[in-house]
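Let me begin by presenting the structure, written as structure tokens, before commenting on it.
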Amino acid sequence: MKAPKIVVVSAESSGAIPHDWLRVADIDSLLDHPDTDIVLLDQPAHLATDAVQRLRRNAAFRFRLIFTRDAGIPLSDGAIPADPGKLLPAFRLWLERLNMFNRGQPPERFEERVLAWLWSRPSSRLEPGLDTDFRELYRYPLLDVMAAEEPVNDMVWLNLMAEQGWLERGELIDRIRLCNRCSSGRLNYVDVCPACRALDITRQPSLHCFTCGHVAPQEHFLKDGLMICPNCLSRLRHIGSDYDRPLENYRCLSCQNFFVDAEVEARCLECGEHHEPNELKVREIRPHQLSERGRLRCRQGFADQGVTEAFGRLNLIPVPTFHTLLDWEIQQARRYQAIQPCSVLVMQIEALEKLTGDSRGLAMVDSLVDRIQEAIRDTDRCTRTRENLLWFLLPHTDREGMQVLRSRLSQLTGLYQDRQNDGLPDIRLAGFTLPEDLLSQEDASLLMARLTGEVN
């Protein structure tokens, strides 16, 4: 592996740098060196932030390692390490993962560029950033720079990637409401009259005369220092017997209506649309990261989806759905001890990628999936949590029935016995039956983690 080309961007010439490094004064000078591998931005935070944005929009520096003085600069790779020796291991890891992405093919489409960024930086996430100048208030800087000139709706794209299983959502950061017409987050919430929707309302104490039932503002009852009903002229002496104070403490100065509480109306400052609060679009703001399925796709490539399509014939359900079904079975087993049994089986095919290097290997995968389809029932549910890990939820299946299926699946190793010289291990299986194998306080996640440990 060749030594990386490292360029320091700094307007100051003070401070020695290694002889094989290059120093430039600004970003314009750096762009003259598109073969740079590592960029060290020795600049103040505000300059570094703009510089990183500009570099990430440039195709030559889109995926390069960029370190800054401050660790919190969006889209950077962290702070410049105090020990220059740490740059080489970081570069080697980055280059190895980038070369592994999509079987060595360069990312071209928007989707591939985003996934390539996340793949080449295993600990990175798609982080949202608050931008009050932006109509929708939050934006994802990585999506902005990777989109280039393509029009991309961030939230629609993220939801699509999450539904397909390529990305998984992180913790909830914020919940915002947007105009239902123009999707702007710049809203003004105002109190209005529930009768005429006028804005001109005021808080005004009122009185209720028990003699005639008249209700009017308090000042209408005051005359010469006494409280007298303006309608029936009765003198009001004792609250509770002559009069009381009604709950309606608000008055509309447009229609003279009295009411208890005002209605809340959301008015868009962009397009002027008026909304009831429950008519607004609600958007949850979360970071996103590569899921197991997304990492699998990055390794296997985007052009050849043979393995993914083969396992897709098993009608795999999403992992969260599988968790929900298993949790439901666990809850029933705890509540009703005499319920029909249910079993779970996990199947690990180690080093599956060695079967996908040629057409013969893909044919073996097809045959493997065909045999699995023959072994399981229509009512069984399957999911795939890793490249080589298949799960089967077997309702109304006791331990004996689960062992029968386990025996059938274990025999599938013979499908690629002639490839054992390549170092391929046997298929590994682990099973579980409700309710007898259930541990105290164990849920679907803990159960699946326990079985994964057994096959590993």
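Naming scheme: A, B, ... for chains in displayed order of the structure tokens; residues 1 onward per chain; ligands 1 onward as shown.
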
Mind dumping a table of every region 135-230 of chain A residue within 10 Å of region 119-130 of chain A, with the nearest atom pair and its distance in Å to one decimal, using only C-alpha atoms, sorted by chain and rising number, as a Markdown table?
| residue | atom | partner | partner_atom | distance |
| --- | --- | --- | --- | --- |
| A:Glu136 | CA | A:Leu130 | CA | 9.3 |
| A:Leu137 | CA | A:Leu130 | CA | 5.8 |
| A:Tyr138 | CA | A:Leu130 | CA | 4.6 |
| A:Arg139 | CA | A:Gly129 | CA | 5.5 |
| A:Tyr140 | CA | A:Pro128 | CA | 4.6 |
| A:Pro141 | CA | A:Gly129 | CA | 7.1 |
| A:Leu142 | CA | A:Leu126 | CA | 6.7 |
| A:Leu143 | CA | A:Leu126 | CA | 8.1 |
| A:Leu158 | CA | A:Leu126 | CA | 9.7 |
| A:Leu167 | CA | A:Leu126 | CA | 9.6 |
| A:Arg169 | CA | A:Leu126 | CA | 9.5 |
| A:Gly170 | CA | A:Arg125 | CA | 9.0 |
| A:Ile173 | CA | A:Pro128 | CA | 8.8 |
| A:Asp174 | CA | A:Pro128 | CA | 10.0 |

Those residues with N, CA and C atoms, as a compact mmCIF listing (two decimals), in the first residue's frame please?
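Heads up, here's the output in result-v6.txt:
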# COMPACT_ATOMS: atom_id res chain seq x y z
N GLU A 136 -37.92 23.75 6.49
CA GLU A 136 -38.35 22.61 7.30
C GLU A 136 -37.55 22.46 8.60
N LEU A 137 -36.72 23.45 8.91
CA LEU A 137 -36.01 23.60 10.18
C LEU A 137 -34.84 22.64 10.37
N TYR A 138 -34.98 21.40 9.98
CA TYR A 138 -33.89 20.43 10.12
C TYR A 138 -33.47 19.93 8.75
N ARG A 139 -32.16 19.77 8.58
CA ARG A 139 -31.66 19.19 7.35
C ARG A 139 -30.51 18.25 7.67
N TYR A 140 -30.21 17.37 6.75
CA TYR A 140 -29.13 16.40 6.93
C TYR A 140 -27.95 16.81 6.04
N PRO A 141 -26.89 17.35 6.64
CA PRO A 141 -25.78 17.87 5.82
C PRO A 141 -25.19 16.85 4.87
N LEU A 142 -25.11 15.58 5.28
CA LEU A 142 -24.53 14.57 4.39
C LEU A 142 -25.37 14.39 3.13
N LEU A 143 -26.69 14.39 3.29
CA LEU A 143 -27.56 14.25 2.12
C LEU A 143 -27.44 15.45 1.20
N LEU A 158 -35.22 9.12 3.46
CA LEU A 158 -34.86 8.41 4.69
C LEU A 158 -35.93 7.39 5.06
N LEU A 167 -31.35 1.39 6.17
CA LEU A 167 -30.98 2.26 7.28
C LEU A 167 -31.88 1.95 8.47
N ARG A 169 -33.33 3.71 12.22
CA ARG A 169 -33.50 4.99 12.90
C ARG A 169 -32.86 4.95 14.28
N GLY A 170 -32.34 6.11 14.70
CA GLY A 170 -31.75 6.25 16.02
C GLY A 170 -32.72 6.88 16.99
N ILE A 173 -34.68 12.94 18.51
CA ILE A 173 -34.03 14.20 18.87
C ILE A 173 -35.05 15.31 19.03
N ASP A 174 -36.02 15.37 18.14
CA ASP A 174 -37.02 16.44 18.19
C ASP A 174 -38.26 15.97 17.45

Apply DSSP to the backbone of this structure and, from region 125-198 of chain A, keep only the residues in strand (DSSP E or B); write these as a PyMOL selection string. chain A and resi 126+129-130+138-139+167-169+174-178+187-192

Please save C-alpha atoms of the selected residues as an mmCIF file, in the first residue's frame.
data_model
loop_
_atom_site.group_PDB
_atom_site.id
_atom_site.type_symbol
_atom_site.label_atom_id
_atom_site.label_comp_id
_atom_site.auth_asym_id
_atom_site.auth_seq_id
_atom_site.Cartn_x
_atom_site.Cartn_y
_atom_site.Cartn_z
ATOM 1 C CA LEU A 126 -26.641 10.542 9.295
ATOM 2 C CA GLY A 129 -28.763 19.678 11.988
ATOM 3 C CA LEU A 130 -31.020 22.559 13.032
ATOM 4 C CA TYR A 138 -33.888 20.433 10.121
ATOM 5 C CA ARG A 139 -31.657 19.193 7.349
ATOM 6 C CA LEU A 167 -30.977 2.256 7.281
ATOM 7 C CA GLU A 168 -32.181 2.068 10.869
ATOM 8 C CA ARG A 169 -33.501 4.985 12.902
ATOM 9 C CA ASP A 174 -37.020 16.437 18.185
ATOM 10 C CA ARG A 175 -40.626 16.386 17.048
ATOM 11 C CA ILE A 176 -41.745 19.256 14.843
ATOM 12 C CA ARG A 177 -44.962 20.263 13.124
ATOM 13 C CA LEU A 178 -45.073 21.578 9.593
ATOM 14 C CA LEU A 187 -45.690 28.654 12.333
ATOM 15 C CA ASN A 188 -47.360 31.128 14.662
ATOM 16 C CA TYR A 189 -49.789 29.703 17.203
ATOM 17 C CA VAL A 190 -52.514 32.173 18.146
ATOM 18 C CA ASP A 191 -55.633 32.138 20.359
ATOM 19 C CA VAL A 192 -58.835 32.864 18.444
#

With only C-alpha atoms as the counted atoms, please give the residues lying no more than 9 Å from Arg245 (chain A), apart from itself and same-chain residues fewer than 2 positions off, as an NGL selection string. :A and (205-208 or 239-240 or 243 or 247-249)

Write out as a VMD selection string all residues of region 78-295 of chain A that DSSP puts in helix (DSSP H, G or I) for this structure's backbone. chain A and resid 84 to 104 110 to 120 141 to 147 154 to 164 218 to 221 277 to 279 292 to 295

One residue among A:Ala79, A:Val52, A:Val114, A:Leu394 is nearest to Leu326 (chain A) when using only C-alpha atoms, and that residue is A:Leu394

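Near Asp37 (chain A), within 12 Å and counting only C-alpha atoms, sit Lys2, Ala3, Pro4, Lys5, Ile6, Val7, Val8, Trp21, Leu22, Leu30, Ala60, Phe61, Arg62, Phe63, Arg64, Leu65, Ile66, Phe67, Leu87, Leu88, Ala90, Phe91, Arg92, Trp94 and Leu95 of chain A; same-chain residues fewer than 5 positions away were not included.
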
Using C-alpha atoms, can you export the residues from the last selection as a PDB file, in the first residue's frame?
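The resulting file, result-v3.pdb, is reproduced below:
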ATOM      1  CA  LYS A   2       1.368   3.381  -0.983  1.00  0.00           C
ATOM      2  CA  ALA A   3       1.908   6.065   1.643  1.00  0.00           C
ATOM      3  CA  PRO A   4      -1.022   8.487   1.786  1.00  0.00           C
ATOM      4  CA  LYS A   5      -0.591  12.002   0.464  1.00  0.00           C
ATOM      5  CA  ILE A   6      -1.289  14.374   3.359  1.00  0.00           C
ATOM      6  CA  VAL A   7      -1.995  18.078   2.877  1.00  0.00           C
ATOM      7  CA  VAL A   8      -2.209  20.657   5.666  1.00  0.00           C
ATOM      8  CA  TRP A  21       3.532  16.401   3.816  1.00  0.00           C
ATOM      9  CA  LEU A  22       2.364  19.418   1.830  1.00  0.00           C
ATOM     10  CA  LEU A  30      -5.925  22.414  -2.150  1.00  0.00           C
ATOM     11  CA  ALA A  60     -12.378  14.439  -5.749  1.00  0.00           C
ATOM     12  CA  PHE A  61     -12.705  15.016  -1.983  1.00  0.00           C
ATOM     13  CA  ARG A  62     -16.176  13.587  -1.373  1.00  0.00           C
ATOM     14  CA  PHE A  63     -14.958  10.525   0.544  1.00  0.00           C
ATOM     15  CA  ARG A  64     -11.455  11.637   1.570  1.00  0.00           C
ATOM     16  CA  LEU A  65     -10.386  11.730   5.199  1.00  0.00           C
ATOM     17  CA  ILE A  66     -10.672  15.295   6.486  1.00  0.00           C
ATOM     18  CA  PHE A  67      -9.554  16.186  10.013  1.00  0.00           C
ATOM     19  CA  LEU A  87      -3.221   8.846  10.573  1.00  0.00           C
ATOM     20  CA  LEU A  88      -1.810   5.814   8.755  1.00  0.00           C
ATOM     21  CA  ALA A  90      -7.065   5.335   9.998  1.00  0.00           C
ATOM     22  CA  PHE A  91      -6.201   5.676   6.316  1.00  0.00           C
ATOM     23  CA  ARG A  92      -5.646   1.939   5.876  1.00  0.00           C
ATOM     24  CA  TRP A  94     -10.816   3.699   5.390  1.00  0.00           C
ATOM     25  CA  LEU A  95      -9.183   2.557   2.137  1.00  0.00           C
TER      26      LEU A  95
END

Contacts of region 333-349 of chain A at 7 Å (only C-alpha atoms; same-chain gap of 4+ positions) as an NGL selection string: :A and (329 or 388-398 or 402 or 427-435 or 455)

For Pro277 (chain A), list every protein, DNA or RNA residue within 10 Å, evaluated using only C-alpha atoms, and leave out those in the same chain fewer than 4 positions away; present the list as a list in words. Arg177, Leu178, Cys179, Tyr189, Glu263, Val264, Glu265, Ala266, Arg267, Lys281 and Val282 of chain A

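Checking A:Ser183, A:Thr383, A:Gln441, A:Asn58 one by one against Glu270 (chain A), counting only C-alpha atoms, you find the shortest gap at A:Ser183.
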
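Distance check against Pro230 (chain A) using only C-alpha atoms: of A:Asp42, A:Leu409, A:His214, A:Asp242, the minimum falls on A:His214.
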
As an exercise, work out the distance from CA of Gln373 (chain A) to CA of Thr385 (chain A) in Å and give it to one decimal place. 18.2 Å

Closest to Arg109 (chain A) among A:Asp154, A:Glu149, A:Glu96, A:Asp131, using only C-alpha atoms? A:Glu149

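Residue nearest Asp244 (chain A) within the list A:Gln204, A:Ser367, A:Gln218, A:Thr321: A:Gln218 [criterion: smallest interatomic distance, only C-alpha atoms].
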
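Of the listed residues (A:Glu112, A:Asp380, A:Glu276, A:Asp261), A:Glu112 comes nearest to Cys298 (chain A); the distances count only C-alpha atoms.
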
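Between CA of Ala48 (chain A) and CA of Met146 (chain A) the interatomic distance comes to 18.5 Å.
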